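Asks: input.txt (compact mmCIF, C-alpha atoms and all ligand atoms) pasted underneath:
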# COMPACT_ATOMS: atom_id res chain seq x y z
CA MET A 1 26.55 -8.91 -6.77
CA PRO A 2 23.52 -9.53 -9.02
CA ALA A 3 21.07 -7.85 -6.61
CA ILE A 4 22.85 -4.48 -6.81
CA CYS A 5 23.20 -4.77 -10.58
CA CYS A 6 19.48 -5.43 -10.89
CA GLU A 7 18.53 -2.49 -8.66
CA MET A 8 20.74 -0.10 -10.62
CA GLU A 9 19.10 -1.17 -13.84
CA VAL A 10 15.67 -0.69 -12.31
CA ASN A 11 16.59 2.79 -11.06
CA LYS A 12 17.85 3.84 -14.47
CA GLN A 13 14.66 2.58 -16.08
CA TYR A 14 12.47 4.95 -14.02
CA SER A 15 14.63 8.06 -14.20
CA VAL A 16 14.01 11.30 -16.06
CA ALA A 17 16.93 13.32 -17.41
CA TYR A 18 15.43 16.76 -16.84
CA LYS A 19 18.49 18.91 -17.41
CA GLY A 20 18.58 20.64 -20.76
CA LEU A 21 14.80 20.46 -21.13
CA LYS A 22 13.04 23.80 -21.47
CA ASN A 23 10.52 24.92 -18.87
CA SER A 24 7.49 23.21 -20.30
CA SER A 25 5.33 20.10 -20.06
CA PHE A 26 6.59 16.64 -21.02
CA ASP A 27 5.01 13.19 -21.11
CA PHE A 28 6.76 9.97 -20.09
CA VAL A 29 5.70 6.36 -20.11
CA PHE A 30 7.22 3.64 -17.94
CA GLU A 31 6.47 -0.06 -17.90
CA VAL A 32 6.63 -1.88 -14.57
CA ASP A 33 7.27 -5.62 -14.45
CA ASP A 34 8.29 -8.22 -11.86
CA ALA A 35 11.83 -6.78 -11.59
CA LEU A 36 10.62 -3.73 -9.63
CA PHE A 37 8.97 -5.85 -6.95
CA VAL A 38 11.97 -8.18 -6.83
CA ALA A 39 14.35 -5.21 -6.43
CA TYR A 40 12.37 -3.96 -3.40
CA GLU A 41 11.95 -7.49 -2.03
CA SER A 42 8.24 -6.81 -1.75
CA LYS A 43 6.43 -9.04 0.72
CA GLU A 44 2.97 -7.99 -0.45
CA ILE A 45 3.41 -8.06 -4.21
CA LEU A 46 4.71 -11.23 -5.84
CA GLY A 47 4.89 -9.72 -9.32
CA GLY A 48 2.92 -7.72 -11.82
CA ASN A 49 2.68 -5.52 -14.85
CA CYS A 50 1.75 -1.85 -14.67
CA HIS A 51 1.68 0.98 -17.13
CA VAL A 52 2.85 4.33 -15.76
CA GLU A 53 2.01 7.60 -17.49
CA ALA A 54 3.66 10.71 -16.13
CA THR A 55 3.28 14.31 -17.15
CA MET A 56 6.12 16.52 -15.97
CA LEU A 57 5.83 20.27 -15.72
CA LYS A 58 9.35 21.64 -15.57
CA GLY A 59 9.81 24.89 -13.69
CA GLU A 60 12.80 26.97 -12.66
CA SER A 61 13.32 25.28 -9.30
CA GLN A 62 10.90 22.40 -9.28
CA LEU A 63 9.42 19.57 -11.31
CA GLU A 64 5.74 18.79 -10.97
CA PHE A 65 4.54 15.31 -11.88
CA ASP A 66 1.08 13.92 -12.47
CA PHE A 67 0.97 10.13 -12.47
CA THR A 68 -1.52 7.58 -13.68
CA ILE A 69 -0.67 3.97 -12.91
CA THR A 70 -2.84 1.14 -14.22
CA GLY A 71 -2.29 -2.59 -14.40
CA GLU A 72 -2.39 -5.76 -12.40
CA VAL A 73 -0.22 -7.22 -9.65
CA THR A 74 -0.11 -10.64 -8.05
CA CYS A 75 -0.72 -10.87 -4.30
CA GLU A 76 -1.39 -13.67 -1.87
CA CYS A 77 -5.15 -14.18 -1.54
CA ASP A 78 -6.35 -13.28 1.97
CA ARG A 79 -8.81 -16.16 1.88
CA CYS A 80 -6.92 -19.13 0.38
CA LEU A 81 -3.27 -17.87 0.31
CA GLU A 82 -2.90 -18.79 -3.38
CA PRO A 83 -1.68 -16.10 -5.81
CA CYS A 84 -4.45 -13.82 -7.04
CA GLN A 85 -4.56 -10.92 -9.49
CA VAL A 86 -5.26 -7.47 -8.05
CA PRO A 87 -6.06 -4.54 -10.37
CA ILE A 88 -4.09 -1.31 -9.88
CA ASP A 89 -5.64 2.05 -10.66
CA TYR A 90 -3.74 4.98 -9.18
CA GLU A 91 -3.55 8.72 -9.72
CA GLY A 92 -1.00 10.82 -7.89
CA HIS A 93 0.88 14.07 -7.78
CA LEU A 94 4.55 14.56 -6.94
CA ILE A 95 6.61 17.70 -6.50
CA VAL A 96 10.37 17.52 -6.88
CA ARG A 97 12.14 20.53 -5.41
CA ILE A 98 15.52 21.29 -6.95
CA SER A 99 17.51 22.75 -4.09
CA ASP A 100 20.77 22.53 -2.16
CA GLU A 101 18.56 22.16 0.87
CA GLU A 102 18.03 18.55 1.83
CA GLY A 103 14.47 17.87 2.78
CA GLU A 104 12.90 14.59 3.77
CA TYR A 105 11.01 12.71 1.05
CA ASP A 106 7.49 12.28 2.40
CA GLY A 107 5.69 10.70 -0.54
CA ASP A 108 4.41 14.07 -1.85
CA VAL A 109 7.58 16.13 -2.05
CA MET A 110 10.97 14.86 -3.15
CA TRP A 111 14.23 16.81 -2.97
CA LEU A 112 16.81 16.87 -5.72
CA ASN A 113 20.28 18.34 -5.63
CA PRO A 114 20.93 20.78 -8.54
CA ALA A 115 24.07 18.75 -9.32
CA ASP A 116 21.96 15.67 -10.15
CA ASN A 117 21.17 15.29 -13.83
CA GLU A 118 18.32 12.86 -13.35
CA VAL A 119 15.35 12.48 -11.06
CA ASP A 120 14.82 8.88 -9.97
CA LEU A 121 11.13 7.99 -9.71
CA THR A 122 11.61 4.32 -8.83
CA GLN A 123 10.74 4.61 -5.15
CA TYR A 124 7.73 6.83 -5.85
CA ILE A 125 6.33 4.42 -8.44
CA TYR A 126 6.91 1.39 -6.24
CA GLU A 127 5.34 3.00 -3.16
CA SER A 128 2.37 4.30 -5.15
CA ILE A 129 1.55 0.80 -6.36
CA VAL A 130 1.85 -0.64 -2.84
CA LEU A 131 -0.31 2.19 -1.42
CA SER A 132 -3.00 1.67 -4.05
CA LEU A 133 -3.51 -1.98 -3.10
CA PRO A 134 -7.02 -2.57 -1.77
CA TYR A 135 -7.35 -3.47 1.90
CA GLN A 136 -8.69 -6.89 1.00
CA ARG A 137 -6.95 -8.94 -1.68
CA VAL A 138 -9.02 -11.96 -2.60
CA HIS A 139 -10.05 -14.05 -5.58
CA PRO A 140 -13.49 -13.31 -7.02
CA GLU A 141 -16.19 -15.25 -5.13
CA GLY A 142 -15.96 -18.98 -5.93
CA GLU A 143 -12.48 -18.83 -7.47
CA CYS A 144 -10.42 -19.61 -4.37
CA ASN A 145 -8.55 -22.90 -4.18
CA PRO A 146 -11.19 -25.21 -2.61
CA ASP A 147 -8.59 -27.55 -1.03
CA MET A 148 -6.86 -24.68 0.76
CA LEU A 149 -10.20 -23.20 1.75
CA ALA A 150 -11.44 -26.47 3.28
CA ARG A 151 -8.30 -26.70 5.38
CA PHE A 152 -8.75 -23.17 6.76
CA THR A 153 -12.46 -23.60 7.35
CA ILE A 154 -11.90 -26.61 9.59
CA ALA A 155 -9.22 -24.82 11.58
CA THR A 156 -11.33 -21.69 11.84
CA GLN A 157 -14.50 -23.49 12.95
CA ALA A 158 -12.62 -25.30 15.72
CA GLU A 159 -11.10 -21.99 16.81
CA VAL A 160 -14.46 -20.25 16.76
CA ASP A 161 -16.02 -22.97 18.93
CA ALA A 162 -13.20 -22.71 21.45
CA LEU A 163 -13.46 -18.93 21.55
CA GLU A 164 -17.22 -19.03 21.95
CA ALA A 165 -17.03 -21.51 24.84
CA GLU A 166 -14.47 -19.27 26.52
CA ALA A 167 -16.51 -16.13 25.94
CA GLU A 168 -19.64 -17.77 27.31
CA SER A 169 -18.05 -18.77 30.59
CA ASP A 170 -16.52 -15.30 30.91
CA ASN A 171 -19.71 -13.48 30.06
CA SER A 172 -21.91 -15.28 32.56
CA GLY A 173 -19.58 -14.19 35.36
CA ILE A 174 -19.39 -10.58 34.17
CA ASN A 175 -23.10 -10.37 33.52
CA GLU A 176 -23.98 -11.62 36.96
CA GLY A 177 -21.71 -9.07 38.57
CA ASP A 178 -23.10 -6.28 36.43
CA PHE A 179 -26.67 -7.32 37.19
CA ASN A 180 -25.92 -7.22 40.90
CA LYS A 181 -24.36 -3.79 40.59
CA LEU A 182 -27.28 -2.52 38.52
CA ALA A 183 -29.78 -3.90 40.98
CA ALA A 184 -27.95 -2.22 43.85
CA LEU A 185 -27.82 1.11 41.97
CA LYS A 186 -31.51 0.88 41.10
CA ALA A 187 -32.43 0.15 44.68
CA GLN A 188 -30.37 3.15 45.84
CA MET A 189 -31.97 5.47 43.26
CA GLU A 190 -35.39 4.38 44.35
CA ARG A 191 -34.49 5.04 47.98
CA ASP A 192 -33.10 8.52 47.05
CA ALA A 193 -36.26 9.38 45.13
CA GLU A 194 -38.47 8.63 48.09
ZN ZN B 201 -8.33 -17.18 -2.89
Translate this file's structure into structure tokens.

Replies:
Amino acid sequence: MPAICCEMEVNKQYSVAYKGLKNSSFDFVFEVDDALFVAYESKEILGGNCHVEATMLKGESQLEFDFTITGEVTCECDRCLEPCQVPIDYEGHLIVRISDEEGEYDGDVMWLNPADNEVDLTQYIYESIVLSLPYQRVHPEGECNPDMLARFTIATQAEVDALEAEAESDNSGINEGDFNKLAALKAQMERDAE
């Protein structure tokens, strides 16, 4: 099963063996490439390269991480659907509680059993990159594929015309009704005032 093999390798790549380290601060660097996005079967990110810097503060019963993730990923352009490069610039904080208690990982706090020798940061790193994507992912102005763009523009213009025609016929009916109601209200107010 190549998929499982790949995922295991990815997980190992982004793990920190914390046991045996003294209670102090440590720096780690991870490099993210296409394999991470393939392992998670990402729909939004087609590939990419990111540099992850993590500072871990090891305590008695918890690990505290500060992350900086920078790099570039490839997404589908919202405008022309061709691949486009999206810069990644992320800063985040993660607490890993070492406890027999099993809490729910919520993106800020992760739970680790004291029997585990390593803390796996793969999911955190992957989710942080996905979360840091901008709302709009597009090529710089003028760099979209013109052929794709032309195709969408034609479709969109025809759709807009159809929608406008529909809205117009709807609006005239609603407006007339509202005008009548307003006129009736106004007439009543005037009568009440007298
Ligand atoms: Zn584009």

Asks: Nearest residue to ligand ZN 201 (chain B) out of A:Ala54, A:Val160, A:Val130, A:Glu141, using all atoms listed in the file?

Replies: A:Glu141

Asks: Might you pull out every residue within 9 Å of Gly59 in chain A, with only C-alpha atoms counted and same-chain residues fewer than 6 positions away left off, and present them as a PDB file with C-alpha atoms, keeping the file's coordinate frame?

Replies:
ATOM      1  CA  LYS A  22      13.040  23.800 -21.470  1.00  0.00           C
ATOM      2  CA  ASN A  23      10.520  24.920 -18.870  1.00  0.00           C
ATOM      3  CA  SER A  24       7.490  23.210 -20.300  1.00  0.00           C
TER       4      SER A  24
END

Asks: Just checking: using all atoms listed in the file, which residue out of A:Gly142, A:Pro87, A:Gly92, A:Gly71 ends up closest to ligand ZN 201 (chain B)?

Replies: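 Using all atoms listed in the file, the shortest distance to ligand ZN 201 (chain B) belongs to A:Gly142.
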
Asks: Just checking: using only C-alpha atoms, which residue out of A:Ala17, A:Ile98, A:Leu81, A:Ile125 ends up closest to Val32 in chain A?

Replies: A:Ile125

Asks: Just want the residues within 9 Å of ligand ZN 201 (chain B), written as a PDB file with C-alpha atoms, in the frame of the given file, counting all atoms listed in the file.

Replies:
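File out_4.pdb, as written:
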ATOM      1  CA  GLU A  76      -1.390 -13.670  -1.870  1.00  0.00           C
ATOM      2  CA  CYS A  77      -5.150 -14.180  -1.540  1.00  0.00           C
ATOM      3  CA  ASP A  78      -6.350 -13.280   1.970  1.00  0.00           C
ATOM      4  CA  ARG A  79      -8.810 -16.160   1.880  1.00  0.00           C
ATOM      5  CA  CYS A  80      -6.920 -19.130   0.380  1.00  0.00           C
ATOM      6  CA  LEU A  81      -3.270 -17.870   0.310  1.00  0.00           C
ATOM      7  CA  GLU A  82      -2.900 -18.790  -3.380  1.00  0.00           C
ATOM      8  CA  PRO A  83      -1.680 -16.100  -5.810  1.00  0.00           C
ATOM      9  CA  CYS A  84      -4.450 -13.820  -7.040  1.00  0.00           C
ATOM     10  CA  ARG A 137      -6.950  -8.940  -1.680  1.00  0.00           C
ATOM     11  CA  VAL A 138      -9.020 -11.960  -2.600  1.00  0.00           C
ATOM     12  CA  HIS A 139     -10.050 -14.050  -5.580  1.00  0.00           C
ATOM     13  CA  PRO A 140     -13.490 -13.310  -7.020  1.00  0.00           C
ATOM     14  CA  GLU A 141     -16.190 -15.250  -5.130  1.00  0.00           C
ATOM     15  CA  GLY A 142     -15.960 -18.980  -5.930  1.00  0.00           C
ATOM     16  CA  GLU A 143     -12.480 -18.830  -7.470  1.00  0.00           C
ATOM     17  CA  CYS A 144     -10.420 -19.610  -4.370  1.00  0.00           C
ATOM     18  CA  ASN A 145      -8.550 -22.900  -4.180  1.00  0.00           C
ATOM     19  CA  PRO A 146     -11.190 -25.210  -2.610  1.00  0.00           C
ATOM     20  CA  MET A 148      -6.860 -24.680   0.760  1.00  0.00           C
ATOM     21  CA  LEU A 149     -10.200 -23.200   1.750  1.00  0.00           C
TER      22      LEU A 149
END

Asks: Within 12 Å of range 36-53 of chain A, which residues of range 109-183 of chain A come that close, and what is the closest atom pair and distance in Å for each? Count all atoms listed in the file and give it as JSON lines.

Replies:
{"residue": "A:Leu121", "atom": "CA", "partner": "A:Val52", "partner_atom": "CA", "distance": 10.9}
{"residue": "A:Thr122", "atom": "CA", "partner": "A:Leu36", "partner_atom": "CA", "distance": 8.2}
{"residue": "A:Gln123", "atom": "CA", "partner": "A:Tyr40", "partner_atom": "CA", "distance": 8.9}
{"residue": "A:Tyr124", "atom": "CA", "partner": "A:Val52", "partner_atom": "CA", "distance": 11.3}
{"residue": "A:Ile125", "atom": "CA", "partner": "A:Val52", "partner_atom": "CA", "distance": 8.1}
{"residue": "A:Tyr126", "atom": "CA", "partner": "A:Leu36", "partner_atom": "CA", "distance": 7.2}
{"residue": "A:Glu127", "atom": "CA", "partner": "A:Tyr40", "partner_atom": "CA", "distance": 9.9}
{"residue": "A:Ser128", "atom": "CA", "partner": "A:Val52", "partner_atom": "CA", "distance": 10.6}
{"residue": "A:Ile129", "atom": "CA", "partner": "A:Cys50", "partner_atom": "CA", "distance": 8.7}
{"residue": "A:Val130", "atom": "CA", "partner": "A:Ile45", "partner_atom": "CA", "distance": 7.7}
{"residue": "A:Leu131", "atom": "CA", "partner": "A:Glu44", "partner_atom": "CA", "distance": 10.7}
{"residue": "A:Ser132", "atom": "CA", "partner": "A:Ile45", "partner_atom": "CA", "distance": 11.7}
{"residue": "A:Leu133", "atom": "CA", "partner": "A:Glu44", "partner_atom": "CA", "distance": 9.2}
{"residue": "A:Pro134", "atom": "CA", "partner": "A:Glu44", "partner_atom": "CA", "distance": 11.4}
{"residue": "A:Tyr135", "atom": "CA", "partner": "A:Glu44", "partner_atom": "CA", "distance": 11.5}
{"residue": "A:Gln136", "atom": "CA", "partner": "A:Glu44", "partner_atom": "CA", "distance": 11.8}
{"residue": "A:Arg137", "atom": "CA", "partner": "A:Glu44", "partner_atom": "CA", "distance": 10.0}

Asks: Write a file of the selected residues as a PDB file, in the coordinates of the input, keeping C-alpha atoms.

Replies:
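The new file result38.pdb reads:
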ATOM      1  CA  LEU A 121      11.130   7.990  -9.710  1.00  0.00           C
ATOM      2  CA  THR A 122      11.610   4.320  -8.830  1.00  0.00           C
ATOM      3  CA  GLN A 123      10.740   4.610  -5.150  1.00  0.00           C
ATOM      4  CA  TYR A 124       7.730   6.830  -5.850  1.00  0.00           C
ATOM      5  CA  ILE A 125       6.330   4.420  -8.440  1.00  0.00           C
ATOM      6  CA  TYR A 126       6.910   1.390  -6.240  1.00  0.00           C
ATOM      7  CA  GLU A 127       5.340   3.000  -3.160  1.00  0.00           C
ATOM      8  CA  SER A 128       2.370   4.300  -5.150  1.00  0.00           C
ATOM      9  CA  ILE A 129       1.550   0.800  -6.360  1.00  0.00           C
ATOM     10  CA  VAL A 130       1.850  -0.640  -2.840  1.00  0.00           C
ATOM     11  CA  LEU A 131      -0.310   2.190  -1.420  1.00  0.00           C
ATOM     12  CA  SER A 132      -3.000   1.670  -4.050  1.00  0.00           C
ATOM     13  CA  LEU A 133      -3.510  -1.980  -3.100  1.00  0.00           C
ATOM     14  CA  PRO A 134      -7.020  -2.570  -1.770  1.00  0.00           C
ATOM     15  CA  TYR A 135      -7.350  -3.470   1.900  1.00  0.00           C
ATOM     16  CA  GLN A 136      -8.690  -6.890   1.000  1.00  0.00           C
ATOM     17  CA  ARG A 137      -6.950  -8.940  -1.680  1.00  0.00           C
TER      18      ARG A 137
END

Asks: By how many Å are CA of Leu94 in chain A and CA of Cys75 in chain A apart?

Replies: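 Interatomic distance, CA of Leu94 in chain A to CA of Cys75 in chain A: 26.1 Å.
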
Asks: Could you tell me how far CA of Ser25 in chain A lies from CA of Thr55 in chain A, in Å and to one decimal?

Replies: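 So the answer is 6.8 Å.
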
Asks: Would you give the centre and edge lengths, in Å to one decimal, of a box along x, y and z around the listed atoms of range 106-115 of chain A, with 6 Å added to each side, as lines of an AutoDock Vina configuration file?

Replies:
center_x = 14.2
center_y = 15.7
center_z = -3.5
size_x = 31.7
size_y = 22.1
size_z = 23.7

Asks: Tell me which of A:Glu60, A:Asp33, A:Asp100, A:Asp66 sits closest to Gly20 in chain A, counting all atoms listed in the file.

Replies: A:Glu60

Asks: List every protein, DNA or RNA residue that has at least one atom no more than 7 Å from (12.3, 21.7, -6.9) in the file's coordinates, counting all atoms listed in the file, and write the result as number ranges by chain.

Replies: A: 61-63, 95-99, 111-112
